[in-house]
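Enquirer: I am sharing work.cif, which consists of mmCIF, C-alpha atoms:
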data_start
loop_
_atom_site.group_PDB
_atom_site.id
_atom_site.type_symbol
_atom_site.label_atom_id
_atom_site.label_comp_id
_atom_site.auth_asym_id
_atom_site.auth_seq_id
_atom_site.Cartn_x
_atom_site.Cartn_y
_atom_site.Cartn_z
ATOM 1 C CA GLN A 1191 0.000 0.000 0.000
ATOM 2 C CA VAL A 1192 1.305 3.436 -0.910
ATOM 3 C CA GLN A 1193 1.789 5.838 1.962
ATOM 4 C CA LEU A 1194 2.474 9.551 1.973
ATOM 5 C CA VAL A 1195 3.981 11.327 4.948
ATOM 6 C CA GLU A 1196 4.008 15.108 5.223
ATOM 7 C CA SER A 1197 6.475 16.951 7.416
ATOM 8 C CA GLY A 1198 7.801 20.431 8.007
ATOM 9 C CA GLY A 1199 4.749 22.061 9.512
ATOM 10 C CA ALA A 1200 5.377 24.532 12.310
ATOM 11 C CA GLN A 1201 4.254 27.789 13.857
ATOM 12 C CA VAL A 1202 5.814 30.865 12.282
ATOM 13 C CA GLN A 1203 5.323 34.607 12.328
ATOM 14 C CA ALA A 1204 3.564 36.375 9.488
ATOM 15 C CA GLY A 1205 6.038 37.098 6.713
ATOM 16 C CA GLY A 1206 8.039 33.995 7.503
ATOM 17 C CA SER A 1207 8.803 30.955 5.388
ATOM 18 C CA LEU A 1208 8.426 27.212 5.635
ATOM 19 C CA THR A 1209 9.140 24.255 3.398
ATOM 20 C CA LEU A 1210 6.852 21.251 3.609
ATOM 21 C CA SER A 1211 7.890 17.804 2.424
ATOM 22 C CA CYS A 1212 5.816 14.876 1.287
ATOM 23 C CA THR A 1213 7.649 11.570 1.269
ATOM 24 C CA GLY A 1214 6.162 8.529 -0.402
ATOM 25 C CA THR A 1215 6.795 4.831 -0.034
ATOM 26 C CA ILE A 1216 7.158 4.767 -3.828
ATOM 27 C CA ASN A 1217 9.081 6.971 -6.211
ATOM 28 C CA PHE A 1218 7.065 9.521 -8.135
ATOM 29 C CA TYR A 1219 7.173 9.401 -11.902
ATOM 30 C CA ARG A 1220 5.731 11.332 -14.805
ATOM 31 C CA ASP A 1221 2.334 9.604 -14.640
ATOM 32 C CA ASP A 1222 1.801 10.767 -11.071
ATOM 33 C CA ASN A 1223 -0.362 13.807 -10.450
ATOM 34 C CA LEU A 1224 0.764 15.327 -7.152
ATOM 35 C CA SER A 1225 -1.023 18.017 -5.209
ATOM 36 C CA TRP A 1226 -0.903 19.980 -2.006
ATOM 37 C CA TYR A 1227 -4.201 20.774 -0.315
ATOM 38 C CA ARG A 1228 -4.988 22.564 2.902
ATOM 39 C CA GLN A 1229 -7.878 22.620 5.299
ATOM 40 C CA SER A 1230 -8.699 25.133 7.992
ATOM 41 C CA PRO A 1231 -11.189 24.460 10.811
ATOM 42 C CA GLY A 1232 -14.735 24.784 9.559
ATOM 43 C CA LYS A 1233 -13.659 25.058 5.931
ATOM 44 C CA GLU A 1234 -13.534 22.653 3.047
ATOM 45 C CA ARG A 1235 -10.251 21.218 1.873
ATOM 46 C CA GLU A 1236 -8.857 23.445 -0.868
ATOM 47 C CA LEU A 1237 -6.321 22.825 -3.589
ATOM 48 C CA VAL A 1238 -3.157 24.861 -3.112
ATOM 49 C CA ALA A 1239 -0.799 23.524 -5.788
ATOM 50 C CA PHE A 1240 -1.040 20.867 -8.472
ATOM 51 C CA SER A 1241 1.794 19.225 -10.384
ATOM 52 C CA SER A 1242 0.330 17.321 -13.300
ATOM 53 C CA SER A 1243 1.607 14.328 -15.197
ATOM 54 C CA SER A 1244 2.020 16.653 -18.183
ATOM 55 C CA GLY A 1245 4.699 18.561 -16.309
ATOM 56 C CA THR A 1246 2.791 21.735 -15.491
ATOM 57 C CA THR A 1247 2.305 23.165 -12.021
ATOM 58 C CA THR A 1248 -0.590 25.430 -11.116
ATOM 59 C CA TYR A 1249 -1.404 27.334 -7.945
ATOM 60 C CA SER A 1250 -4.466 28.748 -6.315
ATOM 61 C CA ASP A 1251 -4.789 32.504 -6.602
ATOM 62 C CA SER A 1252 -4.381 32.871 -2.850
ATOM 63 C CA VAL A 1253 -0.830 31.456 -2.896
ATOM 64 C CA LYS A 1254 0.388 32.309 -6.397
ATOM 65 C CA GLY A 1255 3.716 34.081 -6.250
ATOM 66 C CA ARG A 1256 4.348 32.993 -2.658
ATOM 67 C CA PHE A 1257 4.312 29.177 -2.799
ATOM 68 C CA THR A 1258 6.409 26.924 -5.029
ATOM 69 C CA MET A 1259 5.844 23.216 -5.510
ATOM 70 C CA SER A 1260 8.751 21.117 -6.691
ATOM 71 C CA ARG A 1261 9.353 17.495 -7.518
ATOM 72 C CA GLU A 1262 11.998 15.417 -9.225
ATOM 73 C CA ILE A 1263 11.013 12.575 -11.525
ATOM 74 C CA GLY A 1264 12.101 9.297 -9.979
ATOM 75 C CA GLU A 1265 12.378 10.647 -6.466
ATOM 76 C CA ASN A 1266 9.973 9.839 -3.648
ATOM 77 C CA ILE A 1267 9.616 13.355 -2.283
ATOM 78 C CA VAL A 1268 7.770 16.504 -3.253
ATOM 79 C CA TYR A 1269 8.132 19.917 -1.646
ATOM 80 C CA LEU A 1270 6.030 22.985 -1.024
ATOM 81 C CA GLN A 1271 8.093 26.085 -0.382
ATOM 82 C CA MET A 1272 6.015 28.765 1.292
ATOM 83 C CA THR A 1273 7.170 32.363 1.633
ATOM 84 C CA ASN A 1274 5.606 35.573 2.927
ATOM 85 C CA LEU A 1275 3.213 33.507 5.018
ATOM 86 C CA LYS A 1276 -0.007 35.104 6.165
ATOM 87 C CA PRO A 1277 -2.315 34.219 9.062
ATOM 88 C CA GLU A 1278 -4.879 33.021 6.524
ATOM 89 C CA ASP A 1279 -2.388 30.337 5.434
ATOM 90 C CA THR A 1280 -2.951 28.636 8.772
ATOM 91 C CA ALA A 1281 -4.239 25.143 8.029
ATOM 92 C CA VAL A 1282 -3.421 21.471 7.941
ATOM 93 C CA TYR A 1283 -1.573 20.803 4.704
ATOM 94 C CA PHE A 1284 -2.070 17.518 2.896
ATOM 95 C CA CYS A 1285 -0.215 15.795 0.098
ATOM 96 C CA HIS A 1286 -2.228 13.920 -2.532
ATOM 97 C CA LEU A 1287 -1.192 11.411 -5.185
ATOM 98 C CA ARG A 1288 -3.376 10.488 -8.142
ATOM 99 C CA ASN A 1289 -2.236 7.997 -10.734
ATOM 100 C CA PHE A 1290 -4.974 6.913 -13.116
ATOM 101 C CA LEU A 1291 -2.934 4.159 -14.757
ATOM 102 C CA LEU A 1292 -2.165 2.481 -11.434
ATOM 103 C CA ASN A 1293 -5.500 3.462 -9.873
ATOM 104 C CA LEU A 1294 -3.807 5.272 -7.000
ATOM 105 C CA ASN A 1295 -5.662 7.906 -4.989
ATOM 106 C CA GLU A 1296 -3.675 8.480 -1.822
ATOM 107 C CA TRP A 1297 -3.615 11.092 0.946
ATOM 108 C CA GLY A 1298 -1.113 11.807 3.643
ATOM 109 C CA GLN A 1299 -2.097 12.455 7.242
ATOM 110 C CA GLY A 1300 -1.350 16.170 7.034
ATOM 111 C CA THR A 1301 1.006 18.598 8.741
ATOM 112 C CA GLN A 1302 -0.080 21.675 10.709
ATOM 113 C CA VAL A 1303 1.030 25.125 9.645
ATOM 114 C CA THR A 1304 0.189 27.990 11.982
ATOM 115 C CA VAL A 1305 0.981 31.585 11.060
ATOM 116 C CA ALA A 1306 0.821 34.070 13.899
ATOM 117 C CA SER A 1307 0.070 37.707 13.209
#
Please lay out the structure from this file as structure tokens.
Expert:
Amino acid sequence: QVQLVESGGAQVQAGGSLTLSCTGTINFYRDDNLSWYRQSPGKERELVAFSSSSGTTTYSDSVKGRFTMSREIGENIVYLQMTNLKPEDTAVYFCHLRNFLLNLNEWGQGTQVTVAS
């Protein structure tokens, strides 16, 4: 069974930076669609960044220009670099893997990011 483990969450001051990691029990290849989501209390889980199997990465408007998602083909880790953090970025951040060919639809357990004003 494929497992994803997020790490790197912490409490930081507004304007600070953090880098989250998502480590898988398999290596990630070109067919893998990888995403970062976040969920705040009382809110629905929202897509933050999406790295598609076609090689493109897209971001939600709320994080564009501040967050960068990176991955290396053949490696089992994907990152989310977060800069200029705002209190509204406070959430549990989740990693998601979707591979249609292998029928994989996997979530990590999440890592807490708290941004203090």
Enquirer: Near Asn1295 of chain A, within 12 Å and counting only C-alpha atoms, which residues show up once chain neighbours fewer than 4 positions away are dropped, as a list in words?
Expert: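 Using only C-alpha atoms, the neighbours found are Gln1191, Val1192, Gln1193, Leu1194, Asp1222, Asn1223, Leu1224, Ser1225, Cys1285, His1286, Leu1287, Arg1288, Asn1289, Phe1290 and Leu1291 of chain A.
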Enquirer: At what distance in Å, to one decimal, does atom CA of Leu1294 of chain A lie from atom CA of Ser1230 of chain A?
Expert: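 Pair atom CA of Ser1230 of chain A / atom CA of Leu1294 of chain A returns 25.4 Å.
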Enquirer: Which residues come within 12 Å of Gln1302 of chain A, counting only C-alpha atoms, excluding same-chain residues fewer than 4 positions away, as number ranges by chain?
Expert: A: 1196-1202, 1208, 1210, 1227-1231, 1279-1284
Enquirer: Work out how far atom CA of Arg1256 of chain A is from atom CA of Val1195 of chain A, in Å to one decimal.
Expert: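 Answer for the atom CA of Val1195 of chain A to atom CA of Arg1256 of chain A separation: 23.0 Å.
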Enquirer: Given the file shown, determine the residues that the PyMOL selection byres ((chain A and resi 1214) around 7) selects; report them as a VMD selection string.
Expert: chain A and resid 1193 to 1195 1212 to 1213 1215 to 1217 1266 to 1267
Enquirer: Can I get the selected residues back with C-alpha atoms, as a short mmCIF file (atom, residue, chain, number, x, y, z; two decimals), keeping the file's coordinate frame?
Expert:
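So selection-v5.cif came out as:
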data_model
loop_
_atom_site.label_atom_id
_atom_site.label_comp_id
_atom_site.auth_asym_id
_atom_site.auth_seq_id
_atom_site.Cartn_x
_atom_site.Cartn_y
_atom_site.Cartn_z
CA GLN A 1193 1.79 5.84 1.96
CA LEU A 1194 2.47 9.55 1.97
CA VAL A 1195 3.98 11.33 4.95
CA CYS A 1212 5.82 14.88 1.29
CA THR A 1213 7.65 11.57 1.27
CA THR A 1215 6.80 4.83 -0.03
CA ILE A 1216 7.16 4.77 -3.83
CA ASN A 1217 9.08 6.97 -6.21
CA ASN A 1266 9.97 9.84 -3.65
CA ILE A 1267 9.62 13.36 -2.28
#
Enquirer: Could you tell me how far atom CA of Asn1293 of chain A lies from atom CA of Ser1243 of chain A, in Å and to one decimal?
Expert: 14.0 Å
